$ cat start_0.cif   # mmCIF, C-alpha atoms and all ligand atoms
data_upload
#
loop_
_atom_site.label_atom_id
_atom_site.label_comp_id
_atom_site.auth_asym_id
_atom_site.auth_seq_id
_atom_site.Cartn_x
_atom_site.Cartn_y
_atom_site.Cartn_z
CA MET A 1 13.65 30.18 -6.40
CA ALA A 2 12.33 31.31 -9.78
CA THR A 3 14.53 28.76 -11.56
CA LEU A 4 13.40 25.98 -9.25
CA ALA A 5 9.75 27.01 -9.62
CA GLU A 6 10.03 26.57 -13.40
CA LEU A 7 11.26 23.00 -13.03
CA GLY A 8 9.41 21.76 -9.97
CA ASP A 9 5.90 21.62 -8.52
CA GLU A 10 4.62 24.08 -5.98
CA ARG A 11 3.02 22.15 -3.13
CA THR A 12 1.62 22.73 0.35
CA ALA A 13 1.81 20.67 3.54
CA ASP A 14 0.20 20.94 6.96
CA VAL A 15 1.74 21.00 10.41
CA GLY A 16 2.77 17.46 11.36
CA ASP A 17 3.12 16.23 7.76
CA VAL A 18 6.26 14.17 7.18
CA LEU A 19 8.10 15.20 4.01
CA TYR A 20 10.58 12.32 4.22
CA GLN A 21 11.79 10.02 6.94
CA VAL A 22 14.76 7.98 8.11
CA GLY A 23 15.22 4.96 5.85
CA ASP A 24 13.44 6.41 2.78
CA ARG A 25 15.15 5.62 -0.50
CA ARG A 26 14.20 8.76 -2.29
CA TYR A 27 12.90 12.27 -1.73
CA PRO A 28 12.67 15.40 -3.85
CA PHE A 29 14.71 18.56 -3.42
CA ILE A 30 12.54 20.86 -1.31
CA ALA A 31 12.90 24.66 -1.34
CA ILE A 32 10.73 26.45 1.23
CA VAL A 33 8.65 29.39 -0.01
CA ASP A 34 6.78 29.91 3.25
CA GLY A 35 6.50 28.04 6.55
CA GLU A 36 8.89 25.94 8.59
CA VAL A 37 10.24 22.39 8.74
CA ALA A 38 12.02 20.62 11.61
CA ILE A 39 14.75 18.08 10.93
CA LEU A 40 14.80 15.16 13.39
CA ASP A 41 17.19 12.29 14.04
CA ALA A 42 16.04 8.65 14.20
CA ALA A 43 15.05 9.02 17.87
CA GLY A 44 12.87 12.04 17.08
CA GLN A 45 15.31 14.59 18.55
CA GLU A 46 15.21 17.90 16.73
CA ILE A 47 18.48 18.91 15.05
CA LEU A 48 17.39 22.20 13.46
CA ARG A 49 14.63 24.02 11.61
CA HIS A 50 14.51 25.48 8.11
CA GLY A 51 12.36 28.49 7.15
CA PRO A 52 11.53 30.59 4.06
CA SER A 53 14.20 30.56 1.32
CA GLY A 54 15.87 27.61 3.01
CA PHE A 55 16.20 24.24 1.31
CA LEU A 56 16.20 20.71 2.65
CA GLY A 57 18.40 17.83 1.68
CA GLU A 58 21.79 16.33 2.04
CA LEU A 59 24.29 14.51 -0.17
CA ASN A 60 22.08 11.40 -0.24
CA LEU A 61 19.55 13.32 -2.32
CA LEU A 62 22.03 13.25 -5.20
CA SER A 63 23.69 9.91 -4.50
CA GLY A 64 20.52 7.91 -3.84
CA GLN A 65 21.73 6.74 -0.44
CA THR A 66 19.24 5.91 2.29
CA VAL A 67 17.87 8.96 4.13
CA PHE A 68 19.37 9.52 7.61
CA LEU A 69 16.90 12.14 8.92
CA THR A 70 13.20 12.94 9.12
CA ALA A 71 11.62 16.23 8.00
CA VAL A 72 8.37 17.29 9.70
CA VAL A 73 6.35 20.41 8.97
CA THR A 74 6.14 22.74 12.00
CA ARG A 75 4.39 25.72 10.34
CA PRO A 76 2.01 25.51 7.35
CA LEU A 77 4.27 24.98 4.39
CA ARG A 78 4.38 26.18 0.82
CA TYR A 79 7.31 24.68 -1.03
CA ILE A 80 8.79 23.84 -4.40
CA ALA A 81 9.58 20.16 -4.93
CA VAL A 82 12.08 19.27 -7.66
CA ASP A 83 12.71 15.63 -8.52
CA ARG A 84 16.36 14.72 -8.05
CA ASP A 85 16.73 13.60 -11.67
CA VAL A 86 15.64 17.10 -12.74
CA LEU A 87 17.82 18.80 -10.11
CA ARG A 88 21.03 16.93 -11.01
CA PRO A 89 21.54 18.44 -14.51
CA LEU A 90 20.44 21.84 -13.24
CA LEU A 91 23.29 21.87 -10.74
CA PHE A 92 25.73 21.80 -13.63
CA GLN A 93 23.84 24.15 -15.93
CA ASP A 94 23.43 26.84 -13.25
CA GLY A 95 26.87 27.36 -11.70
CA PRO A 96 25.93 29.60 -8.74
CA LEU A 97 22.91 27.44 -7.81
CA GLY A 98 24.96 24.26 -8.22
CA ASP A 99 27.75 25.63 -6.02
CA LEU A 100 25.33 26.72 -3.31
CA VAL A 101 23.51 23.39 -3.19
CA LEU A 102 26.61 21.18 -3.45
CA THR A 103 28.63 23.13 -0.89
CA THR A 104 25.68 23.07 1.52
CA PHE A 105 25.01 19.35 1.03
CA ILE A 106 28.68 18.51 1.62
CA ALA A 107 28.82 20.74 4.73
CA ARG A 108 25.65 19.08 6.03
CA ARG A 109 27.18 15.63 5.55
CA GLU A 110 30.29 16.73 7.44
CA ALA A 111 28.06 18.08 10.25
CA LEU A 112 26.00 14.88 10.35
CA GLN A 113 29.16 12.86 10.84
CA ARG A 114 29.67 14.75 14.11
CA ILE A 115 26.13 14.20 15.47
CA GLU A 116 25.48 11.23 17.78
CA GLY A 117 22.60 8.97 16.86
CA VAL A 118 22.47 9.65 13.11
CA GLY A 119 23.20 7.11 10.42
CA VAL A 120 24.40 3.53 10.54
CA GLU A 121 24.78 1.79 13.89
CA ILE A 122 27.69 -0.64 14.11
CA VAL A 123 27.56 -2.96 17.13
CA GLY A 124 30.65 -5.02 17.94
CA PRO A 125 33.68 -5.08 20.20
CA HIS A 126 37.04 -3.44 19.59
CA SER A 127 38.58 -6.92 19.54
CA SER A 128 36.50 -7.91 16.47
CA GLU A 129 38.54 -7.32 13.31
CA ALA A 130 35.40 -7.36 11.17
CA THR A 131 33.87 -4.65 13.37
CA MET A 132 36.90 -2.40 13.05
CA ARG A 133 36.98 -3.00 9.28
CA MET A 134 33.32 -1.98 9.04
CA ILE A 135 33.97 1.21 11.01
CA ASP A 136 36.90 2.09 8.71
CA PHE A 137 34.68 1.44 5.71
CA ALA A 138 31.90 3.69 7.04
CA ARG A 139 34.33 6.49 7.89
CA ALA A 140 36.10 6.25 4.53
CA ASN A 141 32.71 6.53 2.81
CA ARG A 142 31.88 9.55 4.96
CA LEU A 143 28.80 7.84 6.41
CA PRO A 144 27.37 9.18 9.65
CA LEU A 145 27.77 6.31 12.10
CA ALA A 146 27.43 5.31 15.72
CA TRP A 147 29.78 2.60 16.99
CA ARG A 148 28.49 0.76 20.02
CA ASP A 149 31.02 -1.39 21.84
CA PRO A 150 29.36 -4.15 23.92
CA ALA A 151 32.24 -3.89 26.40
CA HIS A 152 31.03 -0.43 27.45
CA ASP A 153 27.33 -0.45 26.52
CA GLU A 154 24.80 -2.82 28.14
CA ALA A 155 22.18 -2.40 25.44
CA ALA A 156 24.81 -3.19 22.79
CA ALA A 157 25.89 -6.26 24.80
CA ALA A 158 22.28 -7.48 24.74
CA ILE A 159 22.15 -7.04 20.93
CA VAL A 160 25.20 -9.24 20.33
CA SER A 161 24.57 -11.70 23.17
CA GLY A 162 24.58 -15.30 21.91
CA LEU A 163 25.91 -14.37 18.48
CA ASP A 164 28.80 -16.26 16.93
CA PRO A 165 31.90 -14.07 16.26
CA SER A 166 31.28 -14.64 12.54
CA GLU A 167 27.97 -12.78 12.94
CA LEU A 168 29.75 -9.61 14.09
CA PRO A 169 29.40 -6.78 13.70
CA VAL A 170 25.67 -6.24 13.80
CA VAL A 171 24.95 -3.38 11.42
CA ARG A 172 21.66 -1.57 12.00
CA LEU A 173 20.47 0.40 9.01
CA PRO A 174 18.67 3.75 9.11
CA GLY A 175 14.93 3.11 9.18
CA GLY A 176 15.23 -0.50 10.34
CA GLY A 177 16.89 -3.63 9.06
CA GLU A 178 19.80 -5.42 10.66
CA LEU A 179 22.71 -7.26 9.03
CA HIS A 180 24.80 -9.80 10.94
CA GLY A 181 28.46 -10.06 9.97
CA PRO A 182 27.88 -8.46 6.55
CA SER A 183 30.57 -7.71 4.01
CA THR A 184 31.26 -4.06 3.26
CA GLY A 185 29.73 -4.65 -0.17
CA GLN A 186 26.46 -5.83 1.37
CA VAL A 187 26.28 -2.74 3.59
CA SER A 188 27.14 -0.53 0.68
CA ARG A 189 24.35 -1.99 -1.44
CA ALA A 190 21.86 -1.90 1.46
CA LEU A 191 22.55 1.84 1.82
CA GLY A 192 22.28 2.52 -1.88
CA ILE A 193 25.95 3.52 -2.31
CA GLY A 194 26.80 0.80 -4.80
CA LEU A 195 24.69 -1.00 -7.36
CA GLU A 196 23.62 -4.61 -7.25
CA LEU A 197 25.35 -6.00 -10.37
CA LYS A 198 23.79 -8.65 -12.55
CA PRO A 199 25.72 -11.96 -12.84
CA ARG A 200 26.96 -10.69 -16.19
CA GLU A 201 27.34 -7.03 -17.18
CA GLU A 202 28.54 -5.72 -20.52
CA VAL A 203 29.91 -2.19 -20.62
CA ASP A 204 32.08 -0.09 -22.93
CA LEU A 205 34.45 0.96 -20.15
CA LEU A 206 35.17 -0.75 -16.84
CA VAL A 207 37.11 1.33 -14.32
CA VAL A 208 38.57 -0.55 -11.36
CA GLY A 209 39.05 1.75 -8.37
CA ALA A 210 37.19 4.99 -7.63
CA GLY A 211 40.06 7.17 -6.44
CA PRO A 212 40.74 10.47 -8.25
CA ALA A 213 42.32 8.60 -11.18
CA GLY A 214 39.38 6.20 -11.57
CA LEU A 215 36.77 8.90 -11.15
CA GLY A 216 38.64 11.04 -13.69
CA ALA A 217 38.60 8.15 -16.17
CA ALA A 218 34.90 7.61 -15.48
CA VAL A 219 34.04 11.28 -16.09
CA TYR A 220 36.02 11.40 -19.36
CA GLY A 221 34.70 8.04 -20.59
CA ALA A 222 31.07 8.62 -19.64
CA SER A 223 31.06 12.20 -20.93
CA GLU A 224 32.18 10.85 -24.32
CA GLY A 225 29.13 8.59 -24.31
CA LEU A 226 30.76 5.34 -23.22
CA ASP A 227 28.63 3.07 -21.03
CA THR A 228 30.87 3.24 -17.95
CA LEU A 229 30.97 1.13 -14.81
CA VAL A 230 33.25 1.97 -11.86
CA VAL A 231 33.96 -0.83 -9.39
CA GLU A 232 35.38 0.11 -6.01
CA SER A 233 36.38 -2.25 -3.21
CA SER A 234 36.28 0.20 -0.30
CA ALA A 235 35.50 3.91 -0.50
CA LEU A 236 34.37 6.03 -3.43
CA GLY A 237 37.02 8.76 -3.62
CA GLY A 238 40.00 6.59 -2.72
CA GLN A 239 42.77 7.97 -0.53
CA ALA A 240 41.95 11.56 -1.44
CA GLY A 241 38.73 11.40 0.62
CA ALA A 242 40.89 11.14 3.75
CA SER A 243 42.78 14.36 3.07
CA ARG A 244 41.77 17.25 5.32
CA ARG A 245 42.77 19.90 2.78
CA ILE A 246 44.31 19.50 -0.65
CA GLU A 247 46.24 22.66 -1.49
CA ASN A 248 47.99 21.60 -4.69
CA TYR A 249 45.05 20.63 -6.93
CA LEU A 250 44.93 22.70 -10.09
CA GLY A 251 42.11 25.23 -10.16
CA PHE A 252 41.51 25.44 -6.41
CA PRO A 253 43.87 28.20 -5.23
CA ALA A 254 42.28 28.27 -1.76
CA GLY A 255 42.49 24.48 -1.43
CA ILE A 256 39.61 22.04 -1.13
CA SER A 257 38.84 19.35 1.44
CA GLY A 258 39.38 15.78 0.24
CA SER A 259 35.79 15.00 1.10
CA GLU A 260 34.48 17.88 -1.04
CA LEU A 261 36.75 17.08 -3.96
CA THR A 262 35.76 13.42 -4.04
CA SER A 263 32.04 14.08 -3.40
CA ARG A 264 32.07 16.49 -6.33
CA ALA A 265 33.91 13.97 -8.50
CA VAL A 266 31.43 11.18 -7.68
CA ILE A 267 28.47 13.47 -8.45
CA GLN A 268 30.16 14.57 -11.70
CA ALA A 269 30.71 10.94 -12.77
CA ARG A 270 27.06 10.14 -12.00
CA LYS A 271 25.93 13.21 -13.89
CA PHE A 272 27.32 11.58 -17.05
CA ASN A 273 25.58 8.31 -16.08
CA ALA A 274 28.69 6.42 -14.98
CA ARG A 275 27.48 3.70 -12.61
CA THR A 276 29.29 2.82 -9.39
CA ALA A 277 29.35 -0.62 -7.82
CA THR A 278 31.14 -2.12 -4.86
CA THR A 279 32.78 -5.52 -4.73
CA SER A 280 31.96 -8.53 -2.46
C1 LIG A 301 45.56 11.70 4.38
C2 LIG A 301 45.98 11.95 2.94
C3 LIG A 301 46.22 13.26 2.53
C4 LIG A 301 46.62 13.52 1.21
N1 LIG A 301 46.81 14.81 0.83
C5 LIG A 301 47.20 15.10 -0.44
C6 LIG A 301 47.41 16.44 -0.88
O1 LIG A 301 47.23 17.39 -0.11
N2 LIG A 301 47.80 16.64 -2.17
C7 LIG A 301 48.00 15.59 -3.04
O2 LIG A 301 48.34 15.84 -4.19
N3 LIG A 301 47.79 14.32 -2.65
C8 LIG A 301 47.42 14.05 -1.39
N4 LIG A 301 47.22 12.74 -1.00
C9 LIG A 301 47.48 11.69 -1.98
C10 LIG A 301 46.29 11.50 -2.93
O3 LIG A 301 45.12 11.25 -2.15
C11 LIG A 301 46.59 10.35 -3.86
O4 LIG A 301 47.70 10.71 -4.65
C12 LIG A 301 45.43 10.05 -4.76
O5 LIG A 301 44.29 9.66 -4.00
C13 LIG A 301 45.80 8.93 -5.73
O6 LIG A 301 44.67 8.69 -6.55
P1 LIG A 301 44.46 7.32 -7.29
O7 LIG A 301 43.10 7.36 -7.88
O8 LIG A 301 45.63 7.06 -8.16
O9 LIG A 301 44.56 6.17 -6.15
P2 LIG A 301 43.72 5.96 -4.82
O10 LIG A 301 43.24 7.22 -4.22
O11 LIG A 301 44.57 5.08 -3.97
O12 LIG A 301 42.45 5.15 -5.31
C14 LIG A 301 42.55 3.82 -5.72
C15 LIG A 301 41.20 3.15 -5.42
O13 LIG A 301 41.18 1.87 -6.01
C16 LIG A 301 40.55 0.95 -5.14
N5 LIG A 301 41.01 -0.38 -5.51
C17 LIG A 301 42.26 -0.87 -5.48
N6 LIG A 301 42.28 -2.13 -5.92
C18 LIG A 301 41.00 -2.45 -6.25
C19 LIG A 301 40.38 -3.63 -6.77
N7 LIG A 301 41.08 -4.73 -7.06
N8 LIG A 301 39.04 -3.62 -6.98
C20 LIG A 301 38.31 -2.49 -6.70
N9 LIG A 301 38.86 -1.36 -6.22
C21 LIG A 301 40.18 -1.33 -5.99
C22 LIG A 301 41.01 1.42 -3.77
O14 LIG A 301 40.13 0.95 -2.76
C23 LIG A 301 40.99 2.94 -3.93
O15 LIG A 301 39.74 3.50 -3.55
C24 LIG A 301 46.81 12.46 0.29
C25 LIG A 301 46.55 11.13 0.72
C26 LIG A 301 46.13 10.87 2.01
C27 LIG A 301 45.86 9.46 2.43
#
$ encode --input "start_0.cif" --output "structure tokens"
Amino acid sequence: MATLAELGDERTADVGDVLYQVGDRRYPFIAIVDGEVAILDAAGQEILRHGPSGFLGELNLLSGQTVFLTAVVTRPLRYIAVDRDVLRPLLFQDGPLGDLVLTTFIARREALQRIEGVGVEIVGPHSSEATMRMIDFARANRLPLAWRDPAHDEAAAAIVSGLDPSELPVVRLPGGGELHGPSTGQVSRALGIGLELKPREEVDLLVVGAGPAGLGAAVYGASEGLDTLVVESSALGGQAGASRRIENYLGFPAGISGSELTSRAVIQARKFNARTATTS
């Protein structure tokens, strides 16, 4: 807390104040000194509360992805707010703090993936190839998602009623916004996972594919000062993100989940200012 206090601002908030909400693009790291905050899903259902010495946030705080949850003050709050651009380098300079925050953020993302009603809503039938592709894409990118199949869900049937098959799936974004028959690249950009590239980009190093090999190349290139761009066609992390536990990776004698390894690698690449973009 002392380290955070040196870098951030101490602020207060009243009961009912919203610290961030579903769909926001950005929020600071928030460490609670005193008081309490409830975390709600998009429908306003409470998921949990955080109290003194707790901290808010999830992987999207570091990645810049759209926010999936809302944080509302439930007891008068005194907190330290640290901008994410200030927090990011700190996570690497302060090993124990970095480990605590990263491990917690990754565990929270894994928990969010198991909660109904959080994240991206994908509406389309099982028979729609594009729908199934979108679901695979969301899962591979470890996005919390709700799949609603019109064959078993009347409200979902009403959403897709009258749409041409080419307009499927309907993808509803956290905080509003709906895309009809989007490409995975469009969804990725809408959620802030991949950059919108200019028609022409000049870089020192272009890495095609963000699996462990590509992310490794990006970390080494960017850390040597090369302007590095990583282009990925499906999921940042590649195949390794699908591995439940990797036991044979050097330096992790207890093993590490594929999702943690790849999340750490993506954050490490971004720390050195490598940019990630998605195709189509
Ligand atoms: C379920 C599972 C469990 C595994 N468990 C282990 C394990 O325990 N231990 C172990 O050592 N290995 C394990 N592996 C294997 C390990 O994940 C792979 O060896 C590793 O991911 C290979 O890394 P890579 O970067 O070479 O390729 P990949 O991980 O395949 O990454 C390549 C990336 O490039 C992208 N790409 C390809 N073409 C293009 C293009 N034209 N444009 C843009 N992007 C492109 C792909 O979408 C992909 O994301 C496992 C794999 C799986 C699927």
$ residues_around --input "start_0.cif" --residues "Gly23 in chain A" --least-positions-apart "4" --cutoff "9 Å" --atoms "all atoms listed in the file" --output "PyMOL selection string"
chain A and resi 66-70+173-176+191
$ residues_near_ligand --input "start_0.cif" --ligand "ligand LIG 301 (chain A)" --cutoff "10 Å" --atoms "all atoms listed in the file" --output "NGL selection string"
:A and (140-141 or 207-217 or 230-250 or 255-258 or 262 or 277-280)
$ closest_residue --input "start_0.cif" --among "A:Asp94, A:Leu48, A:Thr276, A:Ala43" --to "Gly119 in chain A" --atoms "all atoms listed in the file"
A:Ala43
$ closest_residue --input "start_0.cif" --among "A:Glu116, A:Ser53, A:Leu205, A:Ser223" --to "Asp41 in chain A" --atoms "only C-alpha atoms"
A:Glu116
$ residues_around --input "start_0.cif" --residues "range 54-59 of chain A" --least-positions-apart "6" --cutoff "8 Å" --atoms "all atoms listed in the file" --output "PyMOL selection string"
chain A and resi 29-32+102+104-106+108-109
$ atom_distance --input "start_0.cif" --atom1 "CA of Leu91 in chain A" --atom2 "CA of Met1 in chain A"
13.4 Å
$ closest_residue --input "start_0.cif" --among "A:Ile267, A:Leu100, A:Ala158, A:Met134" --to "Ser188 in chain A" --atoms "all atoms listed in the file"
A:Met134
$ closest_residue --input "start_0.cif" --among "A:Glu129, A:Glu10, A:Asp153, A:Glu260" --to "Glu167 in chain A" --atoms "all atoms listed in the file"
A:Glu129
$ atom_distance --input "start_0.cif" --atom1 "CA of Tyr220 in chain A" --atom2 "CA of Gly98 in chain A"
20.3 Å
$ closest_residue --input "start_0.cif" --among "A:Val37, A:Ser259, A:Arg26, A:Pro182" --to "Gln113 in chain A" --atoms "only C-alpha atoms"
A:Ser259
$ closest_residue --input "start_0.cif" --among "A:Val33, A:Ala218, A:Val73, A:Val120" --to "Ala5 in chain A" --atoms "all atoms listed in the file"
A:Val33
$ atom_distance --input "start_0.cif" --atom1 "CA of Arg88 in chain A" --atom2 "CA of Glu36 in chain A"
24.8 Å
$ residues_around --input "start_0.cif" --residues "Asp14 in chain A" --least-positions-apart "2" --cutoff "10 Å" --atoms "all atoms listed in the file" --output "ChimeraX atom specification"
/A:12,16-18,35,72-78
$ residues_around --input "start_0.cif" --residues "Asp227 in chain A" --least-positions-apart "4" --cutoff "9 Å" --atoms "all atoms listed in the file" --output "compact mmCIF listing (two decimals) with C-alpha atoms, keeping the file's coordinate frame"
# COMPACT_ATOMS: atom_id res chain seq x y z
CA GLU A 202 28.54 -5.72 -20.52
CA VAL A 203 29.91 -2.19 -20.62
CA ASP A 204 32.08 -0.09 -22.93
CA LEU A 205 34.45 0.96 -20.15
CA LEU A 206 35.17 -0.75 -16.84
CA GLY A 221 34.70 8.04 -20.59
CA ALA A 222 31.07 8.62 -19.64
CA ASN A 273 25.58 8.31 -16.08
CA ALA A 274 28.69 6.42 -14.98
CA ARG A 275 27.48 3.70 -12.61
$ residues_around --input "start_0.cif" --residues "Ala190 in chain A" --least-positions-apart "3" --cutoff "9 Å" --atoms "only C-alpha atoms" --output "list of chain:residue names"
A:Gln65, A:Thr66, A:Leu173, A:Gly185, A:Gln186, A:Val187, A:Ile193, A:Gly194
